[in-house]
$ cat final-v8.cif   # mmCIF, C-alpha atoms
data_target
loop_
_atom_site.label_atom_id
_atom_site.label_comp_id
_atom_site.auth_asym_id
_atom_site.auth_seq_id
_atom_site.Cartn_x
_atom_site.Cartn_y
_atom_site.Cartn_z
CA MET Y 1 1.21 -18.28 41.02
CA ASN Y 2 -2.22 -16.82 40.31
CA PRO Y 3 -2.89 -17.19 36.50
CA LYS Y 4 -4.26 -13.63 36.41
CA ASN Y 5 -1.05 -12.26 37.97
CA LEU Y 6 1.04 -14.34 35.57
CA THR Y 7 -0.92 -12.97 32.59
CA THR Y 8 -0.45 -9.42 33.88
CA PHE Y 9 3.29 -10.04 34.34
CA VAL Y 10 3.64 -11.43 30.80
CA ILE Y 11 1.74 -8.48 29.32
CA ILE Y 12 3.94 -5.99 31.21
CA PHE Y 13 7.11 -7.91 30.20
CA LEU Y 14 6.11 -7.93 26.53
CA SER Y 15 5.16 -4.24 26.75
CA LEU Y 16 8.65 -3.48 28.06
CA ASN Y 17 10.07 -5.16 24.97
CA VAL Y 18 8.01 -2.78 22.84
CA ILE Y 19 9.13 0.23 24.88
CA GLN Y 20 12.78 -0.80 24.50
CA ALA Y 21 12.44 -1.31 20.73
CA GLN Y 22 13.28 1.72 18.63
CA THR Y 23 10.90 2.93 15.95
CA LYS Y 24 12.32 2.50 12.45
CA PHE Y 25 12.12 5.59 10.27
CA GLU Y 26 13.25 5.55 6.64
CA LYS Y 27 12.78 7.88 3.70
CA GLU Y 28 14.41 7.41 0.34
CA TYR Y 29 14.39 8.95 -3.11
CA ARG Y 30 16.04 8.20 -6.45
CA LEU Y 31 19.48 9.57 -7.17
CA LYS Y 32 20.82 10.28 -10.64
CA ASN Y 33 24.01 8.45 -11.63
CA SER Y 34 25.74 11.82 -11.99
CA SER Y 35 25.11 12.56 -8.27
CA VAL Y 36 26.72 9.32 -7.05
CA PRO Y 37 30.22 9.68 -5.47
CA ALA Y 38 32.94 8.35 -7.80
CA ASN Y 39 34.30 5.77 -5.33
CA ALA Y 40 30.82 4.27 -4.82
CA GLN Y 41 30.31 4.06 -8.59
CA ALA Y 42 33.78 2.49 -8.97
CA PHE Y 43 32.94 -0.18 -6.37
CA ILE Y 44 29.75 -1.11 -8.20
CA ASP Y 45 31.56 -1.17 -11.56
CA SER Y 46 34.09 -3.66 -10.14
CA LEU Y 47 31.42 -6.20 -9.14
CA PRO Y 48 31.04 -9.41 -11.12
CA PHE Y 49 27.46 -8.43 -12.01
CA GLN Y 50 26.35 -6.39 -15.00
CA GLU Y 51 22.73 -5.73 -13.98
CA LYS Y 52 20.97 -2.36 -14.09
CA VAL Y 53 21.57 -0.51 -10.82
CA LYS Y 54 19.16 1.94 -9.18
CA TRP Y 55 20.67 4.53 -6.85
CA TYR Y 56 18.83 5.98 -3.83
CA PHE Y 57 19.55 8.61 -1.21
CA GLU Y 58 18.28 7.38 2.14
CA GLU Y 59 17.50 9.16 5.40
CA ASN Y 60 16.90 7.06 8.51
CA ASN Y 61 17.32 6.96 12.30
CA THR Y 62 21.10 6.56 12.05
CA GLY Y 63 21.80 9.23 9.42
CA ASN Y 64 22.00 9.61 5.63
CA SER Y 65 23.39 7.12 3.16
CA ILE Y 66 23.49 6.19 -0.52
CA GLU Y 67 22.22 2.82 -1.68
CA ALA Y 68 22.72 0.88 -4.88
CA LYS Y 69 20.01 -1.70 -5.53
CA PHE Y 70 19.95 -4.38 -8.19
CA LYS Y 71 18.84 -7.94 -8.82
CA THR Y 72 21.00 -10.69 -10.28
CA HIS Y 73 20.33 -14.41 -10.64
CA LYS Y 74 16.94 -13.83 -8.94
CA THR Y 75 18.69 -12.43 -5.82
CA LYS Y 76 18.20 -8.88 -4.57
CA TYR Y 77 21.27 -6.90 -3.53
CA SER Y 78 21.44 -3.60 -1.68
CA ILE Y 79 24.86 -1.98 -1.27
CA GLU Y 80 25.06 0.92 1.16
CA PHE Y 81 27.63 3.73 1.15
CA ASP Y 82 28.00 6.83 3.31
CA VAL Y 83 27.37 10.20 1.62
CA ASP Y 84 31.08 10.38 0.68
CA GLY Y 85 30.92 7.04 -1.14
CA LYS Y 86 32.66 4.91 1.49
CA LEU Y 87 31.26 1.36 1.61
CA GLN Y 88 29.16 0.55 4.70
CA ASP Y 89 27.63 -2.84 3.97
CA VAL Y 90 26.17 -5.24 1.43
CA GLU Y 91 22.73 -6.70 2.07
CA ILE Y 92 21.51 -9.77 0.22
CA GLU Y 93 17.96 -11.08 0.51
CA ILE Y 94 18.01 -14.79 1.37
CA LYS Y 95 15.58 -17.50 2.39
CA TRP Y 96 15.36 -19.19 5.79
CA PRO Y 97 16.92 -22.49 4.57
CA ASP Y 98 20.00 -20.47 3.50
CA VAL Y 99 20.75 -19.75 7.18
CA SER Y 100 22.90 -22.39 8.92
CA LYS Y 101 21.11 -24.71 11.38
CA SER Y 102 23.04 -23.48 14.42
CA VAL Y 103 22.16 -19.84 13.67
CA GLN Y 104 18.53 -20.79 12.96
CA ASP Y 105 18.31 -22.47 16.37
CA GLN Y 106 19.71 -19.40 18.16
CA ILE Y 107 17.31 -17.08 16.35
CA ILE Y 108 14.28 -19.27 17.03
CA THR Y 109 15.25 -19.55 20.70
CA PHE Y 110 15.28 -15.74 20.98
CA LEU Y 111 12.01 -15.29 19.08
CA ASP Y 112 10.26 -18.01 21.11
CA ALA Y 113 11.41 -16.42 24.38
CA ASN Y 114 10.31 -12.89 23.42
CA TYR Y 115 7.28 -13.34 21.15
CA GLY Y 116 4.52 -15.87 21.74
CA PHE Y 117 3.50 -15.89 18.10
CA PHE Y 118 5.77 -14.81 15.24
CA LYS Y 119 6.27 -15.19 11.51
CA ILE Y 120 9.49 -14.36 9.68
CA LYS Y 121 8.50 -12.25 6.65
CA LYS Y 122 11.91 -11.42 5.17
CA ILE Y 123 15.60 -12.18 5.81
CA GLN Y 124 18.63 -10.25 4.64
CA VAL Y 125 22.24 -11.20 5.32
CA GLN Y 126 24.45 -8.16 5.83
CA HIS Y 127 28.20 -8.22 5.14
CA SER Y 128 30.50 -5.35 6.09
CA GLY Y 129 34.24 -4.69 6.05
CA THR Y 130 36.72 -2.76 3.95
CA SER Y 131 35.91 -2.37 0.25
CA ASP Y 132 38.68 -4.82 -0.76
CA TYR Y 133 37.56 -7.57 1.61
CA VAL Y 134 33.90 -7.17 0.68
CA LEU Y 135 34.85 -7.26 -3.01
CA HIS Y 136 36.82 -10.48 -2.41
CA PHE Y 137 33.77 -11.92 -0.66
CA LEU Y 138 31.39 -11.03 -3.49
CA ASN Y 139 33.80 -12.31 -6.15
CA ASP Y 140 35.26 -15.40 -4.46
CA LYS Y 141 33.18 -15.90 -1.30
CA LYS Y 142 36.28 -15.33 0.89
CA THR Y 143 35.05 -14.40 4.38
CA GLN Y 144 38.34 -13.04 5.78
CA ASP Y 145 37.70 -9.93 7.94
CA ILE Y 146 34.06 -9.83 6.95
CA THR Y 147 31.41 -9.07 9.59
CA THR Y 148 28.16 -10.91 8.95
CA ARG Y 149 24.77 -10.09 10.42
CA TYR Y 150 21.23 -11.26 9.80
CA GLU Y 151 18.40 -8.75 9.54
CA LEU Y 152 14.91 -10.24 9.94
CA ILE Y 153 11.51 -8.68 9.42
CA VAL Y 154 9.25 -10.43 11.93
CA LYS Y 155 5.46 -10.23 12.22
CA THR Y 156 4.15 -10.78 15.71
CA ARG Y 157 1.21 -9.99 17.97
CA LEU Y 158 1.61 -7.62 20.90
CA ILE Y 159 -1.27 -6.86 23.24
CA ARG Y 160 -3.90 -7.89 20.66
CA LYS Y 161 -2.21 -5.84 17.93
CA VAL Y 162 -0.27 -7.23 14.97
CA VAL Y 163 3.10 -5.47 14.55
CA LEU Y 164 6.27 -5.72 12.45
CA PHE Y 165 9.76 -5.62 13.90
CA GLU Y 166 13.18 -5.41 12.24
CA ILE Y 167 15.47 -7.60 14.37
CA VAL Y 168 19.24 -7.87 13.84
CA PHE Y 169 21.35 -10.89 14.90
CA ASP Y 170 25.10 -11.43 14.68
CA GLU Y 171 26.72 -14.25 12.67
CA LYS Y 172 26.18 -16.69 15.54
CA GLY Y 173 22.51 -15.80 15.90
CA GLN Y 174 22.89 -13.62 19.02
CA HIS Y 175 20.40 -10.75 19.23
CA LEU Y 176 21.80 -7.26 18.59
CA SER Y 177 18.87 -4.86 18.14
CA THR Y 178 15.12 -4.52 17.58
CA ALA Y 179 13.21 -1.69 15.88
CA GLN Y 180 9.45 -1.50 15.34
CA ILE Y 181 8.41 -0.70 11.76
CA GLN Y 182 5.82 2.06 11.47
CA PHE Y 183 3.21 1.63 8.76
CA LYS Y 184 2.26 4.37 6.38
CA ASN Y 185 -1.29 5.63 6.27
CA ILE Y 186 -3.57 3.47 4.08
CA ASP Y 187 -6.70 5.65 4.11
CA ASN Y 188 -6.40 6.51 0.41
CA LEU Y 189 -6.29 2.77 -0.39
CA GLU Y 190 -9.07 1.75 1.97
CA TYR Y 191 -11.75 4.34 1.25
CA MET Z 1 2.88 -11.82 -10.84
CA SER Z 2 0.38 -9.46 -9.10
CA THR Z 3 1.56 -6.62 -11.37
CA LYS Z 4 0.89 -8.68 -14.51
CA ILE Z 5 -2.58 -9.63 -13.32
CA PHE Z 6 -3.34 -6.02 -12.47
CA LEU Z 7 -2.16 -4.75 -15.85
CA GLY Z 8 -4.22 -7.44 -17.52
CA LEU Z 9 -7.30 -6.24 -15.66
CA ILE Z 10 -6.58 -2.66 -16.73
CA ILE Z 11 -6.32 -3.66 -20.38
CA PHE Z 12 -9.49 -5.75 -20.08
CA CYS Z 13 -11.33 -2.82 -18.57
CA ALA Z 14 -9.92 -0.32 -21.08
CA SER Z 15 -11.37 -2.42 -23.88
CA PHE Z 16 -14.80 -1.36 -22.67
CA ILE Z 17 -14.08 2.34 -23.09
CA GLN Z 18 -16.53 3.46 -25.73
CA ASN Z 19 -15.29 5.31 -28.77
CA SER Z 20 -17.36 3.77 -31.49
CA ASP Z 21 -20.31 5.25 -33.33
CA ALA Z 22 -22.76 3.00 -31.46
CA GLN Z 23 -25.72 4.62 -29.76
CA ASN Z 24 -24.08 4.78 -26.32
CA ASP Z 25 -24.95 7.43 -23.78
CA TYR Z 26 -22.27 9.24 -21.85
CA ARG Z 27 -22.01 11.98 -19.27
CA VAL Z 28 -19.05 14.06 -18.13
CA GLY Z 29 -18.78 15.70 -14.74
CA LEU Z 30 -16.82 16.71 -11.66
CA LEU Z 31 -16.50 14.44 -8.60
CA PRO Z 32 -14.84 16.22 -5.68
CA ALA Z 33 -14.59 14.49 -2.31
CA ILE Z 34 -13.08 15.04 1.10
CA ASN Z 35 -12.26 12.06 3.30
CA VAL Z 36 -11.54 12.55 7.02
CA ASN Z 37 -10.26 9.66 9.14
CA LYS Z 38 -9.78 9.59 12.90
CA PRO Z 39 -8.29 6.68 14.85
CA VAL Z 40 -10.12 6.19 18.15
CA GLY Z 41 -7.89 3.58 19.78
CA ARG Z 42 -7.60 -0.22 20.00
CA GLY Z 43 -7.39 -0.51 16.21
CA TRP Z 44 -10.71 1.30 15.62
CA ALA Z 45 -11.13 4.32 13.36
CA VAL Z 46 -14.05 6.40 12.18
CA ASN Z 47 -14.20 7.79 8.68
CA PHE Z 48 -16.33 10.55 7.19
CA LYS Z 49 -16.52 11.26 3.48
CA TYR Z 50 -18.39 14.03 1.70
CA GLU Z 51 -18.68 13.73 -2.08
CA LEU Z 52 -20.73 15.67 -4.58
CA ARG Z 53 -21.48 15.16 -8.26
CA GLN Z 54 -21.65 17.95 -10.78
CA PHE Z 55 -22.50 17.14 -14.40
CA ALA Z 56 -21.06 19.23 -17.25
CA LEU Z 57 -21.80 17.44 -20.53
CA GLN Z 58 -24.01 14.66 -21.80
CA GLY Z 59 -24.83 12.99 -25.09
CA ASP Z 60 -24.19 9.96 -27.21
CA TYR Z 61 -21.12 9.27 -29.31
CA SER Z 62 -22.87 9.84 -32.66
CA THR Z 63 -23.79 13.49 -32.01
CA SER Z 64 -22.18 16.59 -30.51
CA PRO Z 65 -22.28 16.75 -26.72
CA GLU Z 66 -24.85 18.88 -24.98
CA SER Z 67 -23.65 21.21 -22.26
CA THR Z 68 -25.64 20.53 -19.12
CA PHE Z 69 -23.93 22.09 -16.13
CA LYS Z 70 -26.05 20.66 -13.37
CA TYR Z 71 -25.56 19.69 -9.73
CA ASP Z 72 -26.63 16.07 -9.26
CA LEU Z 73 -26.26 14.91 -5.67
CA SER Z 74 -24.32 14.95 -2.40
CA ASP Z 75 -23.19 11.89 -0.45
CA PHE Z 76 -22.41 11.85 3.28
CA ILE Z 77 -20.70 8.59 4.28
CA PHE Z 78 -19.90 7.43 7.82
CA ILE Z 79 -17.80 4.32 8.32
CA ALA Z 80 -16.41 2.59 11.42
CA SER Z 81 -13.36 0.45 10.78
CA LYS Z 82 -11.46 -2.15 12.84
CA LYS Z 83 -7.92 -3.14 11.98
CA VAL Z 84 -7.56 -6.93 11.73
CA GLY Z 85 -4.13 -8.37 11.00
CA LEU Z 86 -1.17 -6.35 9.82
CA ASN Z 87 -2.77 -3.94 7.37
CA ASN Z 88 -6.28 -5.30 6.88
CA SER Z 89 -9.54 -3.81 8.09
CA LEU Z 90 -13.16 -4.76 8.52
CA SER Z 91 -15.64 -1.90 8.21
CA GLY Z 92 -19.31 -1.08 8.36
CA GLY Z 93 -21.06 2.15 7.56
CA TYR Z 94 -23.92 4.21 6.33
CA LEU Z 95 -24.41 6.58 3.39
CA PHE Z 96 -26.90 9.40 3.29
CA ARG Z 97 -27.57 10.75 -0.21
CA LEU Z 98 -29.38 13.94 -1.11
CA ARG Z 99 -30.60 14.14 -4.70
CA GLY Z 100 -32.94 17.07 -5.09
CA THR Z 101 -35.63 16.50 -2.49
CA THR Z 102 -35.04 12.73 -2.43
CA VAL Z 103 -33.19 11.16 0.47
CA ILE Z 104 -31.51 7.82 -0.26
CA HIS Z 105 -30.07 5.51 2.38
CA ARG Z 106 -27.35 2.93 1.95
CA THR Z 107 -25.75 0.46 4.37
CA ILE Z 108 -22.17 -0.60 3.64
CA GLN Z 109 -19.96 -3.51 4.67
CA GLN Z 110 -16.36 -3.87 3.50
CA PHE Z 111 -13.14 -5.79 4.01
CA THR Z 112 -9.82 -4.38 2.83
CA ILE Z 113 -6.44 -6.10 2.51
CA VAL Z 114 -3.37 -3.93 1.90
CA ASN Z 115 -0.04 -5.47 0.96
CA SER Z 116 3.27 -3.64 0.68
CA TYR Z 117 5.70 -4.82 -1.96
CA ASN Z 118 9.16 -3.61 -2.92
CA ALA Z 119 8.10 -0.62 -4.98
CA PHE Z 120 4.32 -0.38 -4.62
CA ARG Z 121 1.31 -1.10 -2.42
CA LEU Z 122 -1.66 -3.16 -3.51
CA ALA Z 123 -5.10 -3.07 -1.91
CA HIS Z 124 -8.01 -5.45 -2.38
CA ARG Z 125 -11.41 -4.21 -1.24
CA ILE Z 126 -14.48 -6.41 -1.16
CA SER Z 127 -17.71 -4.73 -0.20
CA THR Z 128 -21.44 -5.17 -0.18
CA ASP Z 129 -24.05 -2.43 0.06
CA GLN Z 130 -27.80 -2.14 0.20
CA THR Z 131 -29.51 0.98 -1.19
CA PHE Z 132 -32.98 2.12 -0.22
CA GLU Z 133 -34.70 4.84 -2.22
CA PRO Z 134 -38.34 5.93 -1.86
CA ARG Z 135 -40.62 4.37 -4.50
CA GLU Z 136 -37.76 2.24 -5.85
CA PRO Z 137 -36.96 -1.44 -5.18
CA ALA Z 138 -33.97 -1.99 -2.92
CA GLU Z 139 -30.67 -2.41 -4.75
CA PHE Z 140 -28.08 -4.93 -3.57
CA ARG Z 141 -24.48 -4.70 -4.76
CA LEU Z 142 -21.35 -6.83 -4.46
CA ARG Z 143 -18.15 -4.96 -5.29
CA TYR Z 144 -14.49 -5.80 -5.76
CA ARG Z 145 -11.80 -3.14 -6.18
CA LEU Z 146 -8.10 -3.58 -6.88
CA THR Z 147 -5.93 -0.53 -6.21
CA ALA Z 148 -2.22 -0.03 -6.79
CA GLU Z 149 -0.22 2.88 -5.40
CA LEU Z 150 3.08 3.44 -7.21
CA PRO Z 151 5.61 6.02 -6.01
CA LEU Z 152 7.13 8.23 -8.68
CA ASN Z 153 10.32 8.65 -6.66
CA GLY Z 154 12.01 5.93 -4.68
CA GLU Z 155 10.49 2.69 -3.45
CA SER Z 156 7.80 4.20 -1.23
CA VAL Z 157 5.72 7.37 -1.15
CA ASP Z 158 7.23 9.93 1.25
CA PRO Z 159 6.09 13.44 2.24
CA GLY Z 160 6.61 15.91 -0.60
CA GLU Z 161 6.44 13.22 -3.28
CA TRP Z 162 4.08 12.42 -6.15
CA TYR Z 163 2.56 9.04 -6.80
CA VAL Z 164 0.16 7.28 -9.13
CA LYS Z 165 -2.89 5.43 -7.82
CA ILE Z 166 -4.77 3.15 -10.22
CA SER Z 167 -8.06 1.51 -9.25
CA ASN Z 168 -10.15 -1.01 -11.12
CA GLU Z 169 -13.54 -1.87 -9.63
CA TYR Z 170 -16.32 -4.29 -10.55
CA LEU Z 171 -19.81 -3.60 -9.17
CA ASN Z 172 -22.47 -6.30 -9.44
CA SER Z 173 -25.94 -4.93 -8.93
CA LEU Z 174 -29.22 -6.72 -8.33
CA GLN Z 175 -32.41 -4.68 -8.27
CA ASP Z 176 -35.89 -6.12 -8.62
CA GLU Z 177 -34.45 -9.32 -10.19
CA SER Z 178 -32.57 -7.24 -12.75
CA TYR Z 179 -28.77 -7.69 -12.86
CA ASP Z 180 -26.21 -5.17 -14.05
CA LEU Z 181 -22.43 -4.92 -14.00
CA GLU Z 182 -20.56 -1.63 -13.71
CA ILE Z 183 -16.83 -1.41 -14.31
CA ARG Z 184 -14.73 1.50 -13.13
CA LEU Z 185 -11.20 2.47 -14.13
CA ILE Z 186 -9.62 5.28 -12.11
CA PRO Z 187 -6.01 6.36 -12.75
CA LEU Z 188 -5.14 9.22 -10.40
CA LEU Z 189 -2.11 11.38 -9.76
CA GLY Z 190 -1.50 12.00 -6.07
CA PHE Z 191 0.67 14.20 -3.90
CA GLU Z 192 1.57 13.43 -0.29
CA PHE Z 193 1.87 16.60 1.77
CA SER Z 194 2.39 14.41 4.83
CA ASP Z 195 1.47 10.86 5.82
CA ASN Z 196 -1.84 12.28 7.10
CA ASN Z 197 -2.57 14.66 4.25
CA LYS Z 198 -2.88 13.54 0.62
CA PHE Z 199 -4.41 15.02 -2.52
CA GLU Z 200 -5.37 13.06 -5.65
CA PHE Z 201 -6.95 13.94 -8.97
CA GLY Z 202 -7.58 12.36 -12.33
CA PRO Z 203 -10.15 10.69 -14.56
CA ASP Z 204 -12.72 8.25 -13.19
CA TYR Z 205 -14.30 6.24 -16.00
CA ARG Z 206 -17.46 4.18 -15.35
CA ILE Z 207 -19.39 2.00 -17.74
CA SER Z 208 -22.60 0.15 -16.96
CA SER Z 209 -25.49 -1.52 -18.77
CA PHE Z 210 -23.07 -2.84 -21.40
CA LEU Z 211 -24.50 -6.32 -20.97
CA GLU Z 212 -27.61 -4.92 -22.61
CA SER Z 213 -27.66 -3.12 -25.94
CA SER Z 214 -27.16 0.45 -24.69
CA PRO Z 215 -24.05 0.95 -22.55
CA ARG Z 216 -23.86 4.05 -20.39
CA SER Z 217 -20.54 5.73 -19.71
CA VAL Z 218 -19.68 8.40 -17.21
CA TYR Z 219 -16.41 10.32 -17.29
CA TRP Z 220 -15.70 12.05 -14.01
CA LEU Z 221 -12.87 14.34 -13.05
CA SER Z 222 -12.17 12.96 -9.60
CA VAL Z 223 -10.59 15.27 -7.00
CA ASN Z 224 -9.93 13.74 -3.57
CA TRP Z 225 -8.48 15.08 -0.36
CA PHE Z 226 -7.56 12.60 2.41
CA VAL Z 227 -6.98 13.94 5.90
CA LYS Z 228 -6.17 11.92 9.00
CA LEU Z 229 -6.75 13.64 12.36
#
$ encode --input "final-v8.cif" --output "structure tokens"
Amino acid sequence: MNPKNLTTFVIIFLSLNVIQAQTKFEKEYRLKNSSVPANAQAFIDSLPFQEKVKWYFEENNTGNSIEAKFKTHKTKYSIEFDVDGKLQDVEIEIKWPDVSKSVQDQIITFLDANYGFFKIKKIQVQHSGTSDYVLHFLNDKKTQDITTRYELIVKTRLIRKVVLFEIVFDEKGQHLSTAQIQFKNIDNLEY
Amino acid sequence: MSTKIFLGLIIFCASFIQNSDAQNDYRVGLLPAINVNKPVGRGWAVNFKYELRQFALQGDYSTSPESTFKYDLSDFIFIASKKVGLNNSLSGGYLFRLRGTTVIHRTIQQFTIVNSYNAFRLAHRISTDQTFEPREPAEFRLRYRLTAELPLNGESVDPGEWYVKISNEYLNSLQDESYDLEIRLIPLLGFEFSDNNKFEFGPDYRISSFLESSPRSVYWLSVNWFVKL
């Protein structure tokens, strides 16, 4: 195959990946404790952590939600509820070595196949299920009826441009979705 | 760790703010500016800034200030910028200054690194410039500026929200074998109308010549409007 044609094919293939990726939109603002639904507050109060919690109202591509964020034992937690206070998921920021080897291998295989150059900037593990099962998981690490996903922030180069993607994998490391992160304007920091 | 270093720099700089009875000159004035940025594709952008200086008061700390409402100068700055990396940029530009009937020229080179953290953004800007004024020796400067943008609501600045932007800059100047250091401390309050439209205002404190016996301070009221086309 002609190297020039191969290069053109690769560029078009990678471009298609960009076209297929959604654009991630997110806007959040602080919420007073008095505005938090009672069932969401009750869930947080039942956790085995006593850290200060910050509440946020978040708007994004998939709708509105309420988030509780706190840090305990040097680990960041983000617990998401719908606007009625029903638990949606728990996200915990982890490091790459915390991911099992088999899942690491699956993720790296996908990233290698889709992105020539990449760097993993941040990893969050996401657990979802009913409130009771998630509570059991957070208290006793019981994984019964818990759905686990990995959300990665990946820096990569696409057609001579450095971009950030949010890529979600299931508990086995199989790819689920990709969304490109849009950067905010930095003019007032640059000039 | 970056926050602690930044706060340390602020405190270090604040210690230079003059309030003693020493014979130190100061001036107070207004510093409005409009900054227009236009991306032109492939990571390139062109930037135009117009800034003027208007003095209002002057004096030294041992006597009452003298009212001196006087227009000082206008700056027209043109910069071309290329994005390198995720949020970094390499830029070059030219400044055209009108001070009375004197025209001053300046060439500018700068490199900016912007990092986003959980609840704030931090920018490092390193720049050099060369100033050419008729009947004056050329002035060469090396500058470093640290800027932090902190949202006042949530973990990032969104449209319709206020924020605080604090800058601390160190300007090393060499002119005719004479060295000077100017330090600037600029805490501003900003409002984001949209991602492409921001307004900021606040004090801009500058002190120079403090390595010699007679420091000079300037207190500006800085008013900035940033527009992206």
$ interface_residues --input "final-v8.cif" --of "chain Z" --to "chain Y" --cutoff "6 Å" --atoms "all atoms listed in the file" --output "NGL selection string"
:Z and (85-86 or 153-154 or 195)
$ write_last_selection --input "final-v8.cif" --atoms "C-alpha atoms" --output "PDB file, in the frame of the given file"
ATOM      1  CA  GLY Z  85      -4.130  -8.370  11.000  1.00  0.00           C
ATOM      2  CA  LEU Z  86      -1.170  -6.350   9.820  1.00  0.00           C
ATOM      3  CA  ASN Z 153      10.320   8.650  -6.660  1.00  0.00           C
ATOM      4  CA  GLY Z 154      12.010   5.930  -4.680  1.00  0.00           C
ATOM      5  CA  ASP Z 195       1.470  10.860   5.820  1.00  0.00           C
TER       6      ASP Z 195
END
$ atom_distance --input "final-v8.cif" --atom1 "CA of Gln41 (chain Y)" --atom2 "CA of Ile94 (chain Y)"
24.6 Å
$ atom_distance --input "final-v8.cif" --atom1 "CA of Ala148 (chain Z)" --atom2 "CA of Phe120 (chain Z)"
6.9 Å
$ atom_distance --input "final-v8.cif" --atom1 "CA of Ala119 (chain Z)" --atom2 "CA of Pro151 (chain Z)"
7.2 Å
$ residues_near_point --input "final-v8.cif" --point "(24.3, -1.3, -11.5)" --cutoff "8 Å" --atoms "all atoms listed in the file" --output "list of chain:residue names"
Y:Ile44, Y:Asp45, Y:Phe49, Y:Gln50, Y:Glu51, Y:Lys52, Y:Val53, Y:Lys54, Y:Ala68, Y:Lys69, Y:Phe70
$ residues_around --input "final-v8.cif" --residues "region 121-129 of chain Y" --least-positions-apart "3" --cutoff "6 Å" --atoms "only C-alpha atoms" --output "NGL selection string"
:Y and (89-94 or 134 or 146-154)
$ resolve_selection --input "final-v8.cif" --expression "the PyMOL selection byres ((chain Z and resi 88-97) around 9)" --output "PyMOL selection string"
(chain Y and resi 190) or (chain Z and resi 47+73-87+98-99+102-115+131)
$ resolve_selection --input "final-v8.cif" --expression "the PyMOL selection byres ((chain Z and resi 31-36) around 9)" --output "ChimeraX atom specification"
/Y:187-188,191 /Z:29-30,37-38,46-55,201,204,220-229
$ closest_residue --input "final-v8.cif" --among "Z:Leu181, Z:Leu152, Z:Val157, Z:Ala138" --to "Pro215 (chain Z)" --atoms "only C-alpha atoms"
Z:Leu181
$ resolve_selection --input "final-v8.cif" --expression "the PyMOL selection byres ((chain Z and resi 149) around 7)" --output "MDAnalysis selection string"
chainID Z and resid 120:122 147:148 150:151 163:166
$ residues_around --input "final-v8.cif" --residues "Ser173 (chain Z)" --least-positions-apart "2" --cutoff "9 Å" --atoms "only C-alpha atoms" --output "number ranges by chain"
Z: 139-143, 171, 175, 178-182
$ decode --input "final-v8.cif" --residues "region 171-184 of chain Z" --atoms "N, CA and C atoms" --output "compact mmCIF listing (two decimals), in the first residue's frame"
# COMPACT_ATOMS: atom_id res chain seq x y z
N LEU Z 171 8.98 41.99 36.99
CA LEU Z 171 9.54 42.52 35.75
C LEU Z 171 10.97 42.96 36.00
N ASN Z 172 11.91 42.25 35.34
CA ASN Z 172 13.33 42.63 35.43
C ASN Z 172 13.65 43.51 34.25
N SER Z 173 14.23 44.67 34.54
CA SER Z 173 14.50 45.62 33.46
C SER Z 173 15.98 45.97 33.41
N LEU Z 174 16.50 45.99 32.18
CA LEU Z 174 17.89 46.40 31.98
C LEU Z 174 17.90 47.50 30.93
N GLN Z 175 18.39 48.68 31.34
CA GLN Z 175 18.43 49.80 30.41
C GLN Z 175 19.73 50.55 30.64
N ASP Z 176 20.55 50.59 29.60
CA ASP Z 176 21.82 51.31 29.67
C ASP Z 176 22.63 50.85 30.89
N GLU Z 177 22.73 49.53 31.06
CA GLU Z 177 23.49 48.88 32.15
C GLU Z 177 22.89 49.17 33.52
N SER Z 178 21.72 49.71 33.58
CA SER Z 178 21.05 49.96 34.86
C SER Z 178 19.93 48.97 35.03
N TYR Z 179 19.92 48.25 36.21
CA TYR Z 179 18.92 47.20 36.44
C TYR Z 179 17.84 47.69 37.41
N ASP Z 180 16.62 47.29 37.15
CA ASP Z 180 15.54 47.60 38.08
C ASP Z 180 14.59 46.40 38.13
N LEU Z 181 13.88 46.30 39.24
CA LEU Z 181 12.88 45.24 39.40
C LEU Z 181 11.55 45.89 39.74
N GLU Z 182 10.52 45.53 39.00
CA GLU Z 182 9.17 46.02 39.31
C GLU Z 182 8.32 44.81 39.71
N ILE Z 183 7.57 44.99 40.78
CA ILE Z 183 6.66 43.92 41.22
C ILE Z 183 5.23 44.43 41.11
N ARG Z 184 4.36 43.60 40.59
CA ARG Z 184 2.95 43.96 40.45
C ARG Z 184 2.07 42.97 41.20
